[in-house]
Structure formats: C-alpha cells, structure tokens
$ cat run_31.tsv   # TSV, C-alpha atoms
chain	number	residue	atom	x	y	z
A	1	MET	CA	-34.02	-64.61	-22.65
A	2	MET	CA	-32.42	-67.55	-24.46
A	3	TYR	CA	-28.84	-66.44	-24.00
A	4	THR	CA	-29.40	-65.39	-20.40
A	5	ASN	CA	-30.60	-68.88	-19.44
A	6	ALA	CA	-27.82	-70.52	-21.44
A	7	ASP	CA	-25.18	-68.41	-19.71
A	8	ARG	CA	-26.57	-69.30	-16.30
A	9	LEU	CA	-26.54	-73.00	-17.09
A	10	LEU	CA	-23.06	-72.96	-18.54
A	11	ARG	CA	-21.69	-71.25	-15.47
A	12	GLY	CA	-23.13	-74.21	-13.54
A	13	VAL	CA	-21.44	-76.66	-15.88
A	14	ALA	CA	-18.15	-74.84	-15.45
A	15	THR	CA	-18.52	-75.03	-11.67
A	16	THR	CA	-19.12	-78.76	-11.91
A	17	LEU	CA	-15.99	-79.24	-13.96
A	18	LEU	CA	-13.89	-77.63	-11.25
A	19	VAL	CA	-14.60	-80.55	-8.94
A	20	VAL	CA	-13.93	-83.25	-11.52
A	21	SER	CA	-11.47	-85.93	-10.57
A	22	VAL	CA	-9.87	-87.45	-13.64
A	23	SER	CA	-8.90	-90.46	-11.54
A	24	GLY	CA	-12.57	-91.41	-11.46
A	25	CYS	CA	-12.57	-92.26	-15.19
A	26	SER	CA	-13.05	-95.84	-16.27
A	27	TRP	CA	-11.28	-96.57	-19.54
A	28	ILE	CA	-11.16	-100.30	-20.20
A	29	GLY	CA	-8.38	-101.50	-22.47
A	30	LEU	CA	-9.46	-104.12	-25.02
A	31	GLY	CA	-6.11	-104.77	-26.59
A	32	GLY	CA	-7.20	-103.16	-29.84
A	33	SER	CA	-9.77	-105.88	-30.56
A	34	ARG	CA	-12.92	-104.34	-32.01
A	35	ASP	CA	-14.97	-107.41	-31.15
A	36	ALA	CA	-13.93	-107.57	-27.49
A	37	ALA	CA	-17.01	-106.96	-25.32
A	38	PRO	CA	-17.30	-105.26	-21.93
A	39	GLY	CA	-17.86	-107.54	-18.98
A	40	ASP	CA	-20.62	-105.57	-17.25
A	41	THR	CA	-24.10	-104.45	-18.27
A	42	GLY	CA	-24.02	-100.78	-19.25
A	43	LEU	CA	-23.43	-98.06	-21.84
A	44	TYR	CA	-19.96	-97.39	-23.24
A	45	ALA	CA	-18.04	-95.21	-25.70
A	46	ALA	CA	-15.51	-97.04	-27.86
A	47	HIS	CA	-12.43	-95.48	-29.42
A	48	ALA	CA	-8.99	-96.78	-30.40
A	49	GLY	CA	-9.57	-100.20	-28.85
A	50	GLU	CA	-10.70	-98.87	-25.47
A	51	LEU	CA	-14.06	-98.47	-23.77
A	52	GLN	CA	-15.22	-95.57	-21.60
A	53	ARG	CA	-18.10	-96.34	-19.25
A	54	LEU	CA	-20.86	-93.76	-19.75
A	55	ASP	CA	-23.58	-94.56	-17.20
A	56	GLY	CA	-23.33	-94.48	-13.43
A	57	ASP	CA	-24.71	-92.76	-10.34
A	58	ARG	CA	-24.85	-88.99	-10.00
A	59	GLU	CA	-21.59	-88.64	-8.07
A	60	TRP	CA	-19.72	-90.83	-10.55
A	61	GLU	CA	-21.15	-88.86	-13.49
A	62	MET	CA	-19.87	-85.62	-12.00
A	63	GLN	CA	-16.41	-87.08	-11.41
A	64	THR	CA	-16.08	-88.44	-14.95
A	65	TRP	CA	-17.77	-85.64	-16.89
A	66	GLU	CA	-14.53	-84.04	-18.09
A	67	THR	CA	-13.58	-87.22	-19.93
A	68	ARG	CA	-17.07	-88.20	-21.07
A	69	SER	CA	-17.77	-84.71	-22.41
A	70	ASN	CA	-14.71	-84.51	-24.66
A	71	LEU	CA	-14.81	-87.70	-26.68
A	72	SER	CA	-13.66	-87.61	-30.31
A	73	PRO	CA	-15.96	-87.38	-33.38
A	74	GLY	CA	-14.92	-90.89	-34.40
A	75	THR	CA	-16.34	-92.39	-31.21
A	76	GLU	CA	-18.67	-95.37	-31.51
A	77	LEU	CA	-21.01	-96.58	-28.79
A	78	VAL	CA	-21.41	-99.97	-27.16
A	79	VAL	CA	-24.38	-101.31	-25.22
A	80	ARG	CA	-24.43	-104.48	-23.13
A	81	HIS	CA	-27.59	-105.88	-21.54
A	82	PRO	CA	-29.10	-109.40	-21.18
A	83	ASP	CA	-32.30	-108.28	-22.96
A	84	LEU	CA	-30.33	-107.59	-26.14
A	85	GLN	CA	-29.77	-111.29	-26.74
A	86	GLY	CA	-32.19	-112.43	-29.43
A	87	ALA	CA	-33.81	-108.98	-29.71
A	88	GLY	CA	-33.45	-108.96	-33.51
A	89	ASP	CA	-35.27	-106.11	-35.23
A	90	ALA	CA	-36.42	-104.76	-31.84
A	91	LEU	CA	-32.90	-103.45	-31.22
A	92	ARG	CA	-33.69	-100.31	-33.21
A	93	GLU	CA	-36.64	-99.57	-30.94
A	94	MET	CA	-34.73	-100.23	-27.72
A	95	ILE	CA	-31.74	-97.98	-28.39
A	96	HIS	CA	-32.06	-94.19	-28.68
A	97	LEU	CA	-29.32	-91.74	-29.65
A	98	ARG	CA	-30.18	-88.04	-29.65
A	99	ARG	CA	-28.69	-84.60	-29.39
A	100	VAL	CA	-29.32	-83.06	-25.98
A	101	ALA	CA	-31.44	-79.93	-26.41
A	102	TRP	CA	-31.43	-76.58	-24.64
A	103	VAL	CA	-34.82	-75.63	-23.16
A	104	ARG	CA	-35.63	-72.01	-23.98
A	105	SER	CA	-38.95	-71.62	-22.16
A	106	GLU	CA	-41.95	-73.42	-20.71
A	107	ILE	CA	-45.46	-73.08	-22.15
A	108	THR	CA	-48.34	-73.41	-19.70
A	109	HIS	CA	-51.66	-75.07	-20.45
A	110	GLU	CA	-53.17	-71.59	-20.87
A	111	GLY	CA	-50.59	-70.68	-23.51
A	112	ASP	CA	-48.42	-68.42	-21.35
A	113	ILE	CA	-44.65	-68.40	-21.92
A	114	VAL	CA	-42.81	-68.61	-18.59
A	115	PRO	CA	-39.17	-69.04	-17.48
A	116	VAL	CA	-37.81	-72.55	-17.21
A	117	GLU	CA	-37.88	-74.21	-13.80
A	118	GLY	CA	-35.28	-76.88	-13.19
A	119	SER	CA	-32.78	-78.09	-15.77
A	120	THR	CA	-32.42	-76.14	-18.99
A	121	TRP	CA	-31.03	-79.21	-20.80
A	122	ALA	CA	-33.39	-81.99	-21.89
A	123	VAL	CA	-33.50	-85.22	-23.84
A	124	ALA	CA	-36.45	-84.41	-26.10
A	125	ASP	CA	-38.26	-86.80	-28.42
A	126	VAL	CA	-37.99	-84.46	-31.39
A	127	ASP	CA	-37.22	-85.72	-34.89
A	128	GLU	CA	-34.60	-83.05	-35.54
A	129	LEU	CA	-32.56	-84.24	-32.55
A	130	ARG	CA	-32.42	-87.92	-33.47
A	131	VAL	CA	-29.06	-89.26	-34.64
A	132	PRO	CA	-29.28	-91.98	-37.32
A	133	PHE	CA	-27.23	-95.07	-36.55
A	134	ARG	CA	-26.84	-98.72	-37.40
A	135	VAL	CA	-26.50	-101.62	-34.98
A	136	GLU	CA	-23.94	-104.42	-35.19
A	137	THR	CA	-23.95	-107.42	-32.89
A	138	TYR	CA	-20.79	-108.81	-31.32
A	139	ASP	CA	-19.64	-112.22	-32.53
A	140	SER	CA	-18.24	-112.96	-29.09
A	141	ASP	CA	-21.22	-111.82	-26.99
A	142	ALA	CA	-24.89	-111.92	-28.02
A	143	GLN	CA	-25.76	-109.51	-25.19
A	144	THR	CA	-23.58	-106.72	-26.62
A	145	VAL	CA	-24.06	-104.48	-29.67
A	146	ARG	CA	-22.20	-101.63	-31.32
A	147	VAL	CA	-24.15	-98.45	-32.03
A	148	ILE	CA	-22.47	-96.83	-35.03
A	149	PRO	CA	-23.63	-93.34	-36.12
A	150	GLU	CA	-24.23	-93.05	-39.86
A	151	ASP	CA	-22.03	-89.95	-39.89
A	152	ARG	CA	-19.24	-88.92	-37.57
A	153	LEU	CA	-20.67	-87.28	-34.51
A	154	GLY	CA	-20.53	-83.50	-34.63
A	155	ARG	CA	-19.39	-81.44	-31.67
A	156	GLY	CA	-21.99	-81.13	-28.95
A	157	LEU	CA	-23.98	-83.01	-26.31
A	158	TYR	CA	-25.64	-86.39	-26.82
A	159	SER	CA	-27.87	-88.81	-24.95
A	160	LEU	CA	-27.66	-92.60	-25.27
A	161	GLN	CA	-30.54	-94.66	-23.87
A	162	LEU	CA	-31.42	-98.33	-23.71
A	163	ARG	CA	-35.08	-99.04	-22.92
A	164	THR	CA	-35.80	-102.65	-21.96
A	165	ARG	CA	-38.73	-104.47	-20.40
A	166	SER	CA	-37.12	-104.28	-16.97
A	167	ASN	CA	-35.43	-100.87	-16.85
A	168	THR	CA	-33.91	-97.96	-18.74
A	169	LEU	CA	-30.20	-97.18	-18.94
A	170	SER	CA	-29.35	-93.59	-19.78
A	171	ALA	CA	-26.14	-91.60	-20.18
A	172	ARG	CA	-24.96	-88.30	-21.57
A	173	LEU	CA	-21.73	-87.67	-23.41
A	174	GLY	CA	-20.04	-84.83	-25.25
A	175	ILE	CA	-18.05	-84.67	-28.45
A	176	ASP	CA	-15.29	-82.02	-28.17
A	177	TRP	CA	-17.63	-80.15	-25.83
A	178	ASN	CA	-14.88	-77.87	-24.47
A	179	SER	CA	-14.43	-76.34	-27.92
A	180	VAL	CA	-18.14	-75.77	-28.62
A	181	ASP	CA	-19.64	-72.27	-28.78
A	182	ARG	CA	-22.42	-72.77	-26.19
A	183	ARG	CA	-24.64	-70.00	-27.53
A	184	GLN	CA	-24.54	-71.33	-31.07
A	185	TYR	CA	-25.24	-74.85	-29.88
A	186	SER	CA	-28.20	-73.68	-27.77
A	187	ALA	CA	-29.67	-71.76	-30.70
A	188	ALA	CA	-29.25	-74.69	-33.10
A	189	HIS	CA	-30.68	-77.32	-30.70
A	190	CYS	CA	-33.46	-75.38	-28.99
A	191	VAL	CA	-36.79	-76.69	-27.70
A	192	ASP	CA	-39.71	-75.38	-25.65
A	193	ARG	CA	-41.29	-77.45	-22.88
A	194	TYR	CA	-45.09	-77.69	-23.00
A	195	LEU	CA	-46.68	-78.39	-19.62
A	196	GLY	CA	-49.86	-80.37	-19.10
A	197	ALA	CA	-50.95	-83.89	-18.26
A	198	THR	CA	-47.75	-85.00	-19.98
A	199	VAL	CA	-44.67	-82.90	-20.67
A	200	ARG	CA	-43.97	-82.45	-24.36
A	201	TYR	CA	-41.21	-80.74	-26.28
A	202	ARG	CA	-41.31	-78.92	-29.60
A	203	PRO	CA	-38.54	-77.23	-31.57
A	204	CYS	CA	-38.36	-73.53	-30.76
A	205	SER	CA	-39.26	-72.74	-34.36
A	206	GLU	CA	-42.69	-74.30	-33.79
A	207	GLN	CA	-43.66	-72.29	-30.70
A	208	GLU	CA	-45.52	-69.60	-32.60
A	209	GLN	CA	-47.35	-72.09	-34.79
A	210	ALA	CA	-48.28	-74.35	-31.87
A	211	LEU	CA	-49.75	-71.49	-29.83
A	212	ALA	CA	-51.48	-69.95	-32.82
A	213	SER	CA	-53.08	-73.26	-33.81
A	214	ARG	CA	-54.54	-73.56	-30.33
A	215	TRP	CA	-56.09	-70.11	-30.04
A	216	LEU	CA	-56.55	-68.93	-33.62
A	217	ARG	CA	-58.82	-70.47	-36.25
A	218	ILE	CA	-58.36	-70.15	-40.01
A	219	HIS	CA	-61.52	-70.06	-42.12
A	220	LEU	CA	-60.77	-70.39	-45.84
A	221	VAL	CA	-63.24	-69.10	-48.42
A	222	ASP	CA	-63.54	-71.15	-51.62
A	223	PRO	CA	-60.59	-70.12	-53.84
A	224	GLU	CA	-61.52	-68.16	-56.95
A	225	MET	CA	-59.90	-68.24	-60.39
A	226	ARG	CA	-59.81	-64.96	-62.33
A	227	GLU	CA	-58.34	-63.85	-65.63
A	228	ALA	CA	-56.73	-60.45	-66.14
A	229	LEU	CA	-54.76	-59.33	-69.20
A	230	GLY	CA	-54.64	-62.88	-70.47
A	231	GLN	CA	-53.20	-64.29	-67.23
A	232	GLN	CA	-54.94	-66.69	-64.85
A	233	LYS	CA	-54.84	-65.77	-61.17
A	234	LEU	CA	-55.90	-67.88	-58.21
A	235	ILE	CA	-57.35	-65.83	-55.34
A	236	VAL	CA	-56.84	-67.37	-51.87
A	237	GLN	CA	-58.72	-65.59	-49.10
A	238	GLY	CA	-60.43	-66.05	-45.75
A	239	VAL	CA	-60.33	-64.91	-42.13
A	240	VAL	CA	-58.39	-65.69	-38.94
A	241	VAL	CA	-60.45	-65.63	-35.73
A	242	ASN	CA	-59.11	-65.25	-32.18
A	243	THR	CA	-61.12	-67.71	-30.08
A	244	SER	CA	-59.26	-66.99	-26.83
A	245	GLU	CA	-59.95	-64.45	-24.08
A	246	ARG	CA	-56.78	-62.42	-24.57
A	247	LYS	CA	-55.00	-60.56	-27.33
A	248	ARG	CA	-53.03	-62.81	-29.67
A	249	ARG	CA	-50.38	-62.20	-32.29
A	250	VAL	CA	-51.23	-63.54	-35.75
A	251	PRO	CA	-48.27	-65.33	-37.38
A	252	THR	CA	-47.41	-65.36	-41.06
A	253	LEU	CA	-49.66	-67.67	-43.08
A	254	GLU	CA	-48.52	-70.40	-45.45
A	255	ALA	CA	-50.53	-71.63	-48.43
A	256	GLN	CA	-50.04	-74.81	-50.44
A	257	LEU	CA	-51.47	-75.87	-53.74
A	258	ARG	CA	-51.95	-79.63	-53.92
A	259	SER	CA	-52.94	-82.13	-56.57
A	260	THR	CA	-55.69	-84.73	-56.24
A	261	GLU	CA	-53.05	-87.19	-54.96
A	262	GLY	CA	-51.93	-84.75	-52.27
A	263	GLU	CA	-48.67	-83.73	-53.98
A	264	VAL	CA	-47.55	-80.23	-52.98
A	265	LEU	CA	-47.30	-78.23	-56.21
A	266	LYS	CA	-46.51	-74.78	-54.81
A	267	THR	CA	-45.92	-73.19	-51.40
A	268	TRP	CA	-45.77	-69.52	-50.46
A	269	ARG	CA	-46.16	-67.31	-47.38
A	270	PHE	CA	-48.04	-64.10	-46.79
A	271	ASP	CA	-49.28	-61.90	-43.92
A	272	PRO	CA	-52.87	-61.26	-42.81
A	273	VAL	CA	-54.28	-57.72	-42.70
A	274	SER	CA	-53.81	-57.41	-38.91
A	275	ALA	CA	-50.80	-58.63	-36.95
A	276	GLU	CA	-52.70	-58.79	-33.61
A	277	LEU	CA	-56.26	-59.70	-32.67
A	278	ASP	CA	-58.28	-58.76	-29.61
A	279	PRO	CA	-60.38	-61.51	-27.98
A	280	GLY	CA	-63.21	-62.68	-30.25
A	281	THR	CA	-62.13	-60.56	-33.23
A	282	SER	CA	-60.97	-61.57	-36.70
A	283	THR	CA	-58.77	-60.36	-39.54
A	284	ARG	CA	-58.96	-60.96	-43.28
A	285	PHE	CA	-56.26	-62.42	-45.50
A	286	ARG	CA	-55.95	-62.45	-49.28
A	287	SER	CA	-53.24	-63.60	-51.66
A	288	GLU	CA	-53.03	-63.96	-55.43
A	289	ILE	CA	-51.00	-66.56	-57.31
A	290	PRO	CA	-50.50	-66.09	-61.06
A	291	ASP	CA	-50.71	-69.10	-63.37
A	292	PRO	CA	-51.30	-71.83	-60.77
A	293	PRO	CA	-50.27	-75.36	-61.86
A	294	PRO	CA	-53.06	-76.90	-64.00
A	295	THR	CA	-53.17	-80.01	-61.77
A	296	THR	CA	-54.13	-77.93	-58.69
A	297	ARG	CA	-57.18	-79.36	-56.94
A	298	ASN	CA	-56.87	-78.25	-53.32
A	299	VAL	CA	-55.65	-75.21	-51.38
A	300	HIS	CA	-54.43	-75.50	-47.77
A	301	VAL	CA	-53.65	-72.52	-45.50
A	302	THR	CA	-51.85	-72.94	-42.16
A	303	PHE	CA	-49.64	-70.90	-39.84
A	304	SER	CA	-46.07	-70.78	-41.10
A	305	LEU	CA	-42.97	-72.01	-39.26
A	306	GLY	CA	-40.85	-69.40	-40.97
A	307	GLY	CA	-41.01	-65.69	-41.63
A	308	ALA	CA	-42.84	-63.96	-44.40
A	309	SER	CA	-41.43	-64.34	-47.87

$ encode --input "run_31.tsv" --output "structure tokens"
Amino acid sequence: MMYTNADRLLRGVATTLLVVSVSGCSWIGLGGSRDAAPGDTGLYAAHAGELQRLDGDREWEMQTWETRSNLSPGTELVVRHPDLQGAGDALREMIHLRRVAWVRSEITHEGDIVPVEGSTWAVADVDELRVPFRVETYDSDAQTVRVIPEDRLGRGLYSLQLRTRSNTLSARLGIDWNSVDRRQYSAAHCVDRYLGATVRYRPCSEQEQALASRWLRIHLVDPEMREALGQQKLIVQGVVVNTSERKRRVPTLEAQLRSTEGEVLKTWRFDPVSAELDPGTSTRFRSEIPDPPPTTRNVHVTFSLGGAS
C-alpha cells in the first residue's frame, strides 16, 4: 500500500510542476553580502549571495515550486520577523526545521488501519525528522536570523516554520528534489497518522508496537536464576494477554537487563509461543540468557520495534 499511495501523490506533484511559471520566482540579489538582510517579513533560502522567498499564498507556492524544490545542499535559511528582535534563547523554540514525511496510513481510535484521506505528505513532530541547526543573528538587522543546518542538507523535502506569539509562518522547500528516488525517500521518512482528539504522528516502525501496547498486556513472572553444567542462566518468562474484542497479532518481544541505576546491560529479542491471540486469550513467553551481567537488578520486557533476532 505504501508505494501505491506514494505513486499517486507523485503523479499529482508532477501535474503541478507542469503549470509552474518560472517567472513567478523571487530571487533577491544581495550583492554577495552575507550580512545583507531581506526587507520584508518572511522565510527565505540563501545561496551564493541571493535570497529565494519561500513562503507565500497557495497560488504563489505552486508557481514557484520548481525553483523552491531544487535548491542546493549548501543552502542556508533566513528568517525575518519583528518578534525575533530580543528573542535570545527563545529563538531555538520559535524556529523549526524538519524533513517532510510521507504518511503511509491512518490509525483509528479503535486501532484499525485505514487508507489516508487528504494529503499524504505531513510535517510531523517526530524526533527522527528534526534537522539540527544553529542560529546566527544579523549585525545589520536584529529582526533577522540565519538558520544554518549543522550538516549540509541531504536531498529531499523540508519544512521551515516560525512560530511567534502572533502567528505562524510556514514554508516547504526541496533540496535537489528532481533527482530524488521518491519511493526510497517515502520509505526512509515514513509516518502513520493516529486519529483521535488530537492528530498524532509516529514513525512507521512504531506502528506495531503502538497498537500492541494498546491492546496487549505483558505480565512478567519473577525472573529465575538457574545453574546447569556450571553455567548460570537467567530465565525470563511470563504471558501476553489480548484485552481487546478482536484477534490481534503478537509482535516480537524485547527484554532488557538493567542495573540498579537503570543502565541497560543487555538487550535481546525473542518471540512468544503464539503469533496471534483471539479476544481475551493469552500466550506464554520464555527466554534464557546465559551468564547475565553480575550487576543485573531488573528485567524489563516490552514489544520490539524491530524484528526477531
């Protein structure tokens, strides 16, 4: 389903590009001066002494997308707004730079996975999508700052936002987007949209864990230490219970051995006895670890984000 949705979206993007008018672009020459500031409030891309306006109304965004979507990896970003003057340390909280994610599916409140309605691209507040950057103020204009990524921007789609007390400025841009493999990008920057009182996003890799944690309960029996043929073995065992009213798949389990201070000493994954559970039923799990670290004090078992090892 992922590639089907991505293909449909990308055909729409291609259609949009056919109506692009390059004459609608707004490069502003700054005479090569890195400290020259734009005159208007807004979001900009800076490269080779010139600024490209990034934010505007819907029609303008469509007309300028061809240019804004194929900026170079060395591009820096510029933000100008009256609220930036004197913002100090708050600048880092006001400015947000993220990868734009592809939405694979929507998850209903009941835990059903359904096709995406609306846009299949989203600006998601997910740690993996955040782009680290530093902020530099302009000597010539206290209302303007440079947003400089810690590393050169990789090819793909990005979102730049400024959130102030009065409003939010938002823009999307692309780095060498025409040369990007869309399927690979979608797979690498994939989220699911969780519907409810508020819409939330999670990385696609967490879908199974998120659903399992809601409907399945892990009950861990006190771990047991045994000795066999001169070797110590720690026995980790318990049950997984399906508390929902429908059949559920049981993901791979992950166990951690931790010290008194909470340090993770060892991690491993294993499968329960049954891969699926009917409503109200349970399945056992059991795993043995030879020679556990002597500082082990606690055992934690959760649903794994990865496959079985």

$ atom_distance --input "run_31.tsv" --atom1 "CA of Arg92 (chain A)" --atom2 "CA of Gly42 (chain A)"
17.0 Å

$ residues_around --input "run_31.tsv" --residues "Gly238 (chain A)" --least-positions-apart "6" --cutoff "6 Å" --atoms "all atoms listed in the file" --output "list of chain:residue names"
A:His219, A:Leu220, A:Val221, A:Arg284, A:Phe285

$ residues_around --input "run_31.tsv" --residues "Arg68 (chain A)" --least-positions-apart "3" --cutoff "7 Å" --atoms "only C-alpha atoms" --output "list in words"
Leu54, Thr64, Trp65, Leu71, Leu173 and Gly174 of chain A

$ atom_distance --input "run_31.tsv" --atom1 "CA of Arg58 (chain A)" --atom2 "CA of His81 (chain A)"
20.6 Å

$ atom_distance --input "run_31.tsv" --atom1 "CA of Gly74 (chain A)" --atom2 "CA of Thr164 (chain A)"
27.0 Å

$ closest_residue --input "run_31.tsv" --among "A:Leu257, A:Ala37, A:Val239, A:Leu162" --to "Arg286 (chain A)" --atoms "all atoms listed in the file"
A:Val239

$ closest_residue --input "run_31.tsv" --among "A:Tyr138, A:Trp60, A:Trp121, A:Trp177" --to "Ser72 (chain A)" --atoms "only C-alpha atoms"
A:Trp177

$ residues_around --input "run_31.tsv" --residues "Gly196 (chain A)" --least-positions-apart "3" --cutoff "9 Å" --atoms "only C-alpha atoms" --output "list in words"
Thr108, His109, Val199 and Arg200 of chain A

$ residues_around --input "run_31.tsv" --residues "Leu253 (chain A)" --least-positions-apart "2" --cutoff "10 Å" --atoms "only C-alpha atoms" --output "list in words"
Gln209, Ile218, Val240, Val250, Pro251, Ala255, Trp268, Arg269, Phe270, Asp271, Pro272, Phe285, Val301, Thr302, Phe303, Ser304, Leu305, Gly306, Gly307 and Ala308 of chain A

$ residues_around --input "run_31.tsv" --residues "region 186-195 of chain A" --least-positions-apart "6" --cutoff "7 Å" --atoms "all atoms listed in the file" --output "VMD selection string"
chain A and resid 101 to 109 201 to 204

$ write_last_selection --input "run_31.tsv" --atoms "C-alpha atoms" --output "compact mmCIF listing (two decimals), in the coordinates of the input"
# COMPACT_ATOMS: atom_id res chain seq x y z
CA ALA A 101 -31.44 -79.93 -26.41
CA TRP A 102 -31.43 -76.58 -24.64
CA VAL A 103 -34.82 -75.63 -23.16
CA ARG A 104 -35.63 -72.01 -23.98
CA SER A 105 -38.95 -71.62 -22.16
CA GLU A 106 -41.95 -73.42 -20.71
CA ILE A 107 -45.46 -73.08 -22.15
CA THR A 108 -48.34 -73.41 -19.70
CA HIS A 109 -51.66 -75.07 -20.45
CA TYR A 201 -41.21 -80.74 -26.28
CA ARG A 202 -41.31 -78.92 -29.60
CA PRO A 203 -38.54 -77.23 -31.57
CA CYS A 204 -38.36 -73.53 -30.76

$ closest_residue --input "run_31.tsv" --among "A:Asp55, A:Asp222, A:Glu110, A:Glu66" --to "Ser159 (chain A)" --atoms "only C-alpha atoms"
A:Asp55

$ build_atoms --input "run_31.tsv" --residues "region 160-169 of chain A" --atoms "all heavy atoms" --output "short mmCIF file (atom, residue, chain, number, x, y, z; two decimals), in the coordinates of the input"
data_model
loop_
_atom_site.label_atom_id
_atom_site.label_comp_id
_atom_site.auth_asym_id
_atom_site.auth_seq_id
_atom_site.Cartn_x
_atom_site.Cartn_y
_atom_site.Cartn_z
N LEU A 160 -27.52 -91.21 -24.85
CA LEU A 160 -27.66 -92.60 -25.27
C LEU A 160 -28.56 -93.30 -24.26
O LEU A 160 -28.31 -93.23 -23.05
CB LEU A 160 -26.29 -93.28 -25.33
CG LEU A 160 -26.30 -94.79 -25.67
CD1 LEU A 160 -26.85 -95.04 -27.07
CD2 LEU A 160 -24.90 -95.37 -25.52
N GLN A 161 -29.61 -93.96 -24.75
CA GLN A 161 -30.54 -94.66 -23.87
C GLN A 161 -30.78 -96.08 -24.37
O GLN A 161 -30.81 -96.33 -25.58
CB GLN A 161 -31.89 -93.93 -23.80
CG GLN A 161 -31.87 -92.61 -23.05
CD GLN A 161 -33.27 -92.02 -22.93
OE1 GLN A 161 -34.16 -92.32 -23.73
NE2 GLN A 161 -33.46 -91.18 -21.93
N LEU A 162 -30.96 -96.98 -23.42
CA LEU A 162 -31.42 -98.33 -23.71
C LEU A 162 -32.70 -98.55 -22.90
O LEU A 162 -32.68 -98.47 -21.67
CB LEU A 162 -30.38 -99.37 -23.31
CG LEU A 162 -30.85 -100.83 -23.41
CD1 LEU A 162 -31.10 -101.22 -24.87
CD2 LEU A 162 -29.86 -101.78 -22.75
N ARG A 163 -33.80 -98.82 -23.59
CA ARG A 163 -35.08 -99.04 -22.92
C ARG A 163 -35.45 -100.52 -23.08
O ARG A 163 -35.71 -101.00 -24.19
CB ARG A 163 -36.16 -98.16 -23.54
CG ARG A 163 -35.85 -96.67 -23.45
CD ARG A 163 -36.89 -95.84 -24.16
NE ARG A 163 -36.54 -94.43 -24.18
CZ ARG A 163 -37.23 -93.49 -24.83
NH1 ARG A 163 -38.32 -93.83 -25.51
NH2 ARG A 163 -36.83 -92.24 -24.80
N THR A 164 -35.47 -101.22 -21.96
CA THR A 164 -35.80 -102.65 -21.96
C THR A 164 -37.10 -102.88 -21.19
O THR A 164 -37.69 -101.95 -20.64
CB THR A 164 -34.67 -103.46 -21.32
OG1 THR A 164 -34.67 -103.24 -19.91
CG2 THR A 164 -33.31 -103.07 -21.91
N ARG A 165 -37.51 -104.14 -21.14
CA ARG A 165 -38.73 -104.47 -20.40
C ARG A 165 -38.56 -104.21 -18.91
O ARG A 165 -39.51 -103.89 -18.22
CB ARG A 165 -39.08 -105.94 -20.62
CG ARG A 165 -39.42 -106.30 -22.06
CD ARG A 165 -39.86 -107.76 -22.17
NE ARG A 165 -38.80 -108.66 -21.73
CZ ARG A 165 -37.88 -109.16 -22.53
NH1 ARG A 165 -37.86 -108.80 -23.81
NH2 ARG A 165 -36.95 -109.98 -22.07
N SER A 166 -37.34 -104.36 -18.41
CA SER A 166 -37.12 -104.28 -16.97
C SER A 166 -36.67 -102.90 -16.48
O SER A 166 -36.98 -102.51 -15.36
CB SER A 166 -36.07 -105.33 -16.56
OG SER A 166 -34.87 -105.15 -17.30
N ASN A 167 -35.92 -102.18 -17.31
CA ASN A 167 -35.43 -100.87 -16.85
C ASN A 167 -34.93 -100.05 -18.03
O ASN A 167 -34.96 -100.49 -19.18
CB ASN A 167 -34.33 -101.03 -15.80
CG ASN A 167 -33.08 -101.69 -16.40
OD1 ASN A 167 -33.12 -102.30 -17.45
ND2 ASN A 167 -31.96 -101.55 -15.70
N THR A 168 -34.47 -98.85 -17.73
CA THR A 168 -33.91 -97.96 -18.74
C THR A 168 -32.52 -97.53 -18.30
O THR A 168 -32.34 -97.04 -17.18
CB THR A 168 -34.79 -96.71 -18.95
OG1 THR A 168 -36.05 -97.10 -19.47
CG2 THR A 168 -34.14 -95.75 -19.94
N LEU A 169 -31.54 -97.70 -19.18
CA LEU A 169 -30.20 -97.18 -18.94
C LEU A 169 -30.04 -95.90 -19.73
O LEU A 169 -30.45 -95.83 -20.89
CB LEU A 169 -29.14 -98.20 -19.38
CG LEU A 169 -29.17 -99.58 -18.72
CD1 LEU A 169 -28.02 -100.43 -19.24
CD2 LEU A 169 -29.09 -99.46 -17.21
#
